[in-house]
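Structure, as structure tokens:
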Amino acid sequence: MYGMASAAQMNFSGFIIDNLYLLNSGSNLMNKLMNANNLLIVIEVIFLFMLLLIILIYTFLANKKKKHFQLISIQRNLDPLITQIIIDESGATDEQLIELKKLLNTPLARRYMMEELIKSKQNHSGFVSEKIVEIYLGLGLKKYSLEKIRPNKNWYVKSRGIQELYMMDQKKCYSEIYDYTNASNEYVRNEAQIGMIRLIGFKGLHFLEAVTQPIKDWQQLKLLEQLKQSPEKTNISEDIPGWLSSTNYTVVIFALRLCYEYQYFQLSRDIEDCLKHESQAVRSKAVEVLIRLENNRTPKLLLQYFNTASRKDQLMILEAMSQLATEAESEKLIHLLDNPNNSIKLKAAVALVNCLSNGLQIIEEKARLTPEPYQRIYQHILTAS
């Protein structure tokens with residue numbers, strides 16, 4: 001009996017083990033099938049992605065190739081006409097303008113035409129320049145330029161439209177361009193600011209009264225360069241004090257640059273006030289301008305400011321003192337010989353030698369009492385003189 005029971009238990013256990021094995025094998029098989037299905041799906045997705053990428057690349061290249069051949073065709077048709085009109089002293093005839101208009105039936109053709117007119121305008125002046133503007137107006141391209149500066153257009157389209165208008169001397173459009181001199185987009189406002197000066201010269205600087213966006217250094221240099229090309233040199237000294245008090249510190253710096261460039265000596269007092277400005281950049285520029293526009297008050301004023309100046313400005317002030325200082329400033333310069341910074345010691349010594357008859361003897365005495373660093377300073381002055 002006991003043996004029969006044990007055999008039964010063993011058979012039952014074997015049955016359970018066999019079934020568990022079958023279940024486990026079935027589960028592994030299902031996992032393999034599921035993994036195989038997933039792998040197939042992944043392969044299909046990758047294949048579709050690659051196919052889509054190939055289609056996009058092909059479409060892009062096909063469009064690029066199409067535009068390339070369109071441009072070649074446009075160039076072949078437009079270039080001879082443009083050259084003929086510019087060379088012909090009588091200007092563009094109605095027939096020539098009609099012929100050109102027929103070719104400008106696509107944005108690509110108009111863009112190419114506009115680029116060629118701008119390039120020609122940059123390379124010519126006088127009568128030829130006026131003819132180029134006549135072609136621009138005669139072809140009705142101005143309306144497309146105005147469309148580009150609508151508020152809903154992208155920044156690069158607006159920038160292009162502004163450039164087209166000022167390059168084609170459309171002075172009546174200065175108010176539309178003025179609206180963008182404080183645009184949030186840097187490229188748009190830079191073009192608008194240049195456009196204002198290009199169209200109405202120094203009067204175009206009145207955007208400085210309202211601009212709150214920064215005018216970066218590179219843009220300031222471009223504006224100054226544009227002013228140099230202006231045929232009329234208008235005196236703007238009455239406007240500058242207002243710009244020097246602007247809450248936009250970059251406007252203050254640009255106004256100081258204008259004082260430096262056009263040497264408005266009568267504004268020295270206004271420039272001196274900039275030494276108290278909260279911006280270090282403004283104070284540094286004010287020092288530079290005051291040195292440029294120096295008068296009999298400048299040495300004393302700059303040495304009074306010396307202790308609160310930045311190290312860079314201190315060195316600039318002492319560099320100027322070698323030319324500007326008088327005996328009245330000698331006491332301050334002697335005091336600076338004890339400054340902890342050796343560069344300041346050296347520049348103060350040089351200024352002292354230049355402004356005081358016994359300056360060199362003072363340095364020699366300092367070198368005798370304290371050889372380091374005054375001996376080196378003394379030798380440097382002897383070598384340089």
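Letters A, B, ... mark the chains of the structure tokens in the order given; residue numbers begin at 1 per chain; ligand numbers begin at 1, in order shown.
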
- Message: Which residues are near A:Ser385? Cut-off 12 Å, only C-alpha atoms, ignore same chain within fewer than 6 positions. Put them as number ranges by chain.
- Response: A: 350, 353-354, 360, 378-379

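Closest approach to A:Arg292 among A:Met196, A:Leu267, A:Val252, A:Cys259 is made by A:Cys259 (distances from only C-alpha atoms).
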
- Which is closest to A:Trp243 among A:Thr212, A:Thr106, A:Ser129, A:Gln266, if we use only C-alpha atoms?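 Between A:Thr212, A:Thr106, A:Ser129, A:Gln266, the residue approaching A:Trp243 most closely is A:Thr212.
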
- Could you give me, as a PyMOL selection string, the residues within 10 Å of A:Pro214, counting only C-alpha atoms and dropping anything in the same chain fewer than 2 positions from it? chain A and resi 182+184+186+211-212+216-217+219+248-251

Write the residues of the selection above to a file with N, CA and C atoms, as a compact mmCIF listing (two decimals), in the first residue's frame.
# COMPACT_ATOMS: atom_id res chain seq x y z
N ASN A 182 13.68 100.97 -32.79
CA ASN A 182 13.71 100.40 -31.44
C ASN A 182 13.10 99.00 -31.43
N SER A 184 12.59 94.99 -31.30
CA SER A 184 13.18 94.00 -30.39
C SER A 184 14.25 93.17 -31.08
N GLU A 186 17.49 92.64 -33.10
CA GLU A 186 18.70 93.45 -33.28
C GLU A 186 18.96 93.78 -34.74
N VAL A 211 15.01 105.41 -28.18
CA VAL A 211 15.46 104.02 -28.21
C VAL A 211 15.77 103.52 -26.80
N THR A 212 15.21 102.36 -26.48
CA THR A 212 15.45 101.72 -25.17
C THR A 212 16.30 100.46 -25.32
N LYS A 216 24.88 98.34 -29.61
CA LYS A 216 26.17 97.70 -29.35
C LYS A 216 27.32 98.47 -30.01
N ASP A 217 28.53 98.20 -29.53
CA ASP A 217 29.71 98.94 -29.99
C ASP A 217 29.88 98.88 -31.50
N GLN A 219 27.64 98.41 -33.80
CA GLN A 219 26.60 99.21 -34.43
C GLN A 219 26.92 100.70 -34.30
N ASN A 248 19.20 105.00 -21.16
CA ASN A 248 19.85 103.91 -21.90
C ASN A 248 21.34 104.24 -21.96
N TYR A 249 22.15 103.51 -21.17
CA TYR A 249 23.56 103.88 -21.06
C TYR A 249 24.31 103.76 -22.40
N THR A 250 23.84 102.90 -23.31
CA THR A 250 24.51 102.78 -24.62
C THR A 250 24.27 104.03 -25.46
N VAL A 251 23.14 104.70 -25.25
CA VAL A 251 22.89 105.97 -25.93
C VAL A 251 23.86 107.03 -25.41

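Closest approach to A:Arg257 from the set A:Arg368, A:Lys285, A:Lys102, A:Lys64 is made by A:Lys285, with distances taken over only C-alpha atoms.
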
- Query: Neighbours of A:Pro299 within 9 Å (only C-alpha atoms; same-chain residues fewer than 4 positions away dropped), as a list of chain:residue names?
  - Reply: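 In the requested form, the answer reads A:Ile291, A:Glu294, A:Asn295, A:Leu303, A:Gln304, A:Ile317, A:Ala320, A:Met321, A:Leu324, A:Ala325, A:Thr326, A:Glu329.
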
Just write the chosen residues, N, CA and C atoms, as a JSON list (two decimals), in the first residue's frame.
[["chain", "number", "residue", "atom", "x", "y", "z"],
["A", 291, "ILE", "N", 39.93, 113.73, -22.22],
["A", 291, "ILE", "CA", 41.33, 113.83, -22.61],
["A", 291, "ILE", "C", 41.45, 114.37, -24.03],
["A", 294, "GLU", "N", 40.63, 118.23, -24.11],
["A", 294, "GLU", "CA", 41.26, 118.81, -22.91],
["A", 294, "GLU", "C", 41.27, 120.34, -22.93],
["A", 295, "ASN", "N", 41.12, 120.89, -21.70],
["A", 295, "ASN", "CA", 41.26, 122.32, -21.49],
["A", 295, "ASN", "C", 42.05, 122.51, -20.19],
["A", 303, "LEU", "N", 42.49, 114.07, -12.09],
["A", 303, "LEU", "CA", 43.20, 113.60, -10.90],
["A", 303, "LEU", "C", 42.28, 113.58, -9.68],
["A", 304, "GLN", "N", 41.29, 114.43, -9.66],
["A", 304, "GLN", "CA", 40.28, 114.37, -8.59],
["A", 304, "GLN", "C", 39.44, 113.10, -8.71],
["A", 317, "ILE", "N", 44.47, 107.89, -17.44],
["A", 317, "ILE", "CA", 44.60, 109.25, -16.93],
["A", 317, "ILE", "C", 46.08, 109.63, -16.78],
["A", 320, "ALA", "N", 47.77, 110.31, -19.98],
["A", 320, "ALA", "CA", 47.46, 111.66, -20.47],
["A", 320, "ALA", "C", 48.20, 112.73, -19.68],
["A", 321, "MET", "N", 48.41, 112.47, -18.38],
["A", 321, "MET", "CA", 49.08, 113.47, -17.53],
["A", 321, "MET", "C", 50.50, 113.78, -18.01],
["A", 324, "LEU", "N", 49.53, 116.53, -20.22],
["A", 324, "LEU", "CA", 48.63, 117.59, -19.77],
["A", 324, "LEU", "C", 49.01, 118.21, -18.44],
["A", 325, "ALA", "N", 49.69, 117.46, -17.58],
["A", 325, "ALA", "CA", 49.93, 117.92, -16.21],
["A", 325, "ALA", "C", 50.83, 119.15, -16.18],
["A", 326, "THR", "N", 50.59, 119.98, -15.17],
["A", 326, "THR", "CA", 51.42, 121.16, -14.92],
["A", 326, "THR", "C", 51.98, 121.05, -13.49],
["A", 329, "GLU", "N", 49.76, 120.01, -10.61],
["A", 329, "GLU", "CA", 49.41, 118.61, -10.37],
["A", 329, "GLU", "C", 50.57, 117.80, -9.79]]

- Message: I need the alpha helix (DSSP H) residues of stretch 251-373 of chain A per DSSP on the backbone, written as a PyMOL selection string.
- Response: chain A and resi 251-262+268-273+280-292+298-305+311-324+330-336+342-355+359-369+371-373

- Query: Near A:Asp239, within 12 Å and counting only C-alpha atoms, which residues show up once chain neighbours fewer than 3 positions away are dropped, as a list in words?
  - Reply: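 Listing them by chain and then by number gives Phe202, Lys203, Gly204, Leu205, His206, Phe207, Leu208, Glu209, Thr234, Asn235, Ile236, Gly242, Trp243, Leu244, Ser245, Ser246, Val252, Ala255, Leu258, Cys259, Tyr264, Leu267 and Asp270 of chain A.
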
- Contacts of A:Pro151 at 12 Å (only C-alpha atoms; same-chain gap of 2+ positions) as a ChimeraX atom specification: /A:146-149,153-155,157-159,161,176-177,179-180,183,188

With N, CA and C atoms kept, could you save the residues just selected as a PDB file, in the first residue's frame?
ATOM      1  N   LEU A 146       8.005  97.776 -49.459  1.00  0.00           N
ATOM      2  CA  LEU A 146       7.100  98.197 -48.385  1.00  0.00           C
ATOM      3  C   LEU A 146       6.341  97.010 -47.801  1.00  0.00           C
ATOM      4  N   GLU A 147       5.988  96.057 -48.637  1.00  0.00           N
ATOM      5  CA  GLU A 147       5.314  94.856 -48.146  1.00  0.00           C
ATOM      6  C   GLU A 147       6.203  94.076 -47.177  1.00  0.00           C
ATOM      7  N   LYS A 148       7.512  94.115 -47.429  1.00  0.00           N
ATOM      8  CA  LYS A 148       8.446  93.356 -46.590  1.00  0.00           C
ATOM      9  C   LYS A 148       8.547  93.899 -45.172  1.00  0.00           C
ATOM     10  N   ILE A 149       8.204  95.176 -44.966  1.00  0.00           N
ATOM     11  CA  ILE A 149       8.355  95.737 -43.620  1.00  0.00           C
ATOM     12  C   ILE A 149       7.033  95.776 -42.858  1.00  0.00           C
ATOM     13  N   LYS A 153       5.690  90.264 -40.911  1.00  0.00           N
ATOM     14  CA  LYS A 153       6.763  89.616 -41.652  1.00  0.00           C
ATOM     15  C   LYS A 153       7.885  89.159 -40.709  1.00  0.00           C
ATOM     16  N   ASN A 154       8.646  88.156 -41.137  1.00  0.00           N
ATOM     17  CA  ASN A 154       9.784  87.677 -40.362  1.00  0.00           C
ATOM     18  C   ASN A 154      10.887  88.739 -40.329  1.00  0.00           C
ATOM     19  N   TRP A 155      11.750  88.633 -39.296  1.00  0.00           N
ATOM     20  CA  TRP A 155      12.770  89.660 -39.080  1.00  0.00           C
ATOM     21  C   TRP A 155      13.699  89.812 -40.280  1.00  0.00           C
ATOM     22  N   VAL A 157      13.041  89.262 -43.397  1.00  0.00           N
ATOM     23  CA  VAL A 157      12.312  89.911 -44.491  1.00  0.00           C
ATOM     24  C   VAL A 157      12.236  91.414 -44.231  1.00  0.00           C
ATOM     25  N   LYS A 158      11.937  91.799 -42.983  1.00  0.00           N
ATOM     26  CA  LYS A 158      11.883  93.222 -42.621  1.00  0.00           C
ATOM     27  C   LYS A 158      13.236  93.893 -42.840  1.00  0.00           C
ATOM     28  N   SER A 159      14.302  93.227 -42.389  1.00  0.00           N
ATOM     29  CA  SER A 159      15.650  93.795 -42.557  1.00  0.00           C
ATOM     30  C   SER A 159      15.951  94.054 -44.023  1.00  0.00           C
ATOM     31  N   GLY A 161      13.749  94.492 -46.472  1.00  0.00           N
ATOM     32  CA  GLY A 161      12.894  95.565 -46.976  1.00  0.00           C
ATOM     33  C   GLY A 161      13.402  96.943 -46.586  1.00  0.00           C
ATOM     34  N   GLU A 176       8.269 105.260 -41.828  1.00  0.00           N
ATOM     35  CA  GLU A 176       8.035 103.816 -41.715  1.00  0.00           C
ATOM     36  C   GLU A 176       9.270 103.108 -41.163  1.00  0.00           C
ATOM     37  N   ILE A 177      10.449 103.582 -41.593  1.00  0.00           N
ATOM     38  CA  ILE A 177      11.694 102.983 -41.105  1.00  0.00           C
ATOM     39  C   ILE A 177      11.939 103.355 -39.646  1.00  0.00           C
ATOM     40  N   ASP A 179       9.939 103.624 -37.280  1.00  0.00           N
ATOM     41  CA  ASP A 179       9.174 102.756 -36.371  1.00  0.00           C
ATOM     42  C   ASP A 179       9.946 101.515 -35.942  1.00  0.00           C
ATOM     43  N   TYR A 180      10.974 101.163 -36.704  1.00  0.00           N
ATOM     44  CA  TYR A 180      11.743  99.952 -36.388  1.00  0.00           C
ATOM     45  C   TYR A 180      13.100 100.255 -35.728  1.00  0.00           C
ATOM     46  N   ALA A 183      13.173  98.320 -32.576  1.00  0.00           N
ATOM     47  CA  ALA A 183      12.601  96.967 -32.690  1.00  0.00           C
ATOM     48  C   ALA A 183      13.316  96.002 -31.745  1.00  0.00           C
ATOM     49  N   VAL A 188      16.890  93.967 -37.284  1.00  0.00           N
ATOM     50  CA  VAL A 188      15.899  94.895 -37.832  1.00  0.00           C
ATOM     51  C   VAL A 188      16.200  96.317 -37.376  1.00  0.00           C
TER      52      VAL A 188
END

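For the set A:Leu224, A:Leu141, A:Leu301, A:Ile381, the residue with the smallest atom-to-atom gap to A:Leu352 is A:Ile381, counting only C-alpha atoms.
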
- Task: Grab the atom CA of A:Phe127 to atom CA of A:Asn105 distance for me, in Å with one decimal place.
- Result: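 Those two atoms sit 28.2 Å apart.
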
- Give me, please, the distance in Å between atom CA of A:Leu61 and atom CA of A:Phe49, quoted to one decimal.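 About the pair atom CA of A:Leu61 and atom CA of A:Phe49: they are 18.2 Å apart.
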
- Could you give me, as a list in words, the residues within 7 Å of A:Leu293, counting only C-alpha atoms and dropping anything in the same chain fewer than 4 positions from it? Gln263, Phe265 and Val289 of chain A

Written selection (N, CA and C atoms) as a tab-separated table (two decimals), in the first residue's frame:
chain	number	residue	atom	x	y	z
A	263	GLN	N	34.33	116.82	-31.86
A	263	GLN	CA	35.03	117.76	-30.98
A	263	GLN	C	34.13	118.92	-30.51
A	265	PHE	N	33.70	121.00	-28.01
A	265	PHE	CA	34.36	121.53	-26.82
A	265	PHE	C	33.37	122.22	-25.88
A	289	VAL	N	37.01	110.94	-23.68
A	289	VAL	CA	36.56	112.13	-24.40
A	289	VAL	C	37.14	113.40	-23.77

- Counting only C-alpha atoms, closest pick from A:Gln96, A:Thr298, A:Ser322, A:Gln280 relative to A:Ser310 is A:Gln280

- Task: Calculate how many Å separate atom CA of A:Ile344 from atom CA of A:Gln314, rounding to one decimal.
- Result: 7.7 Å
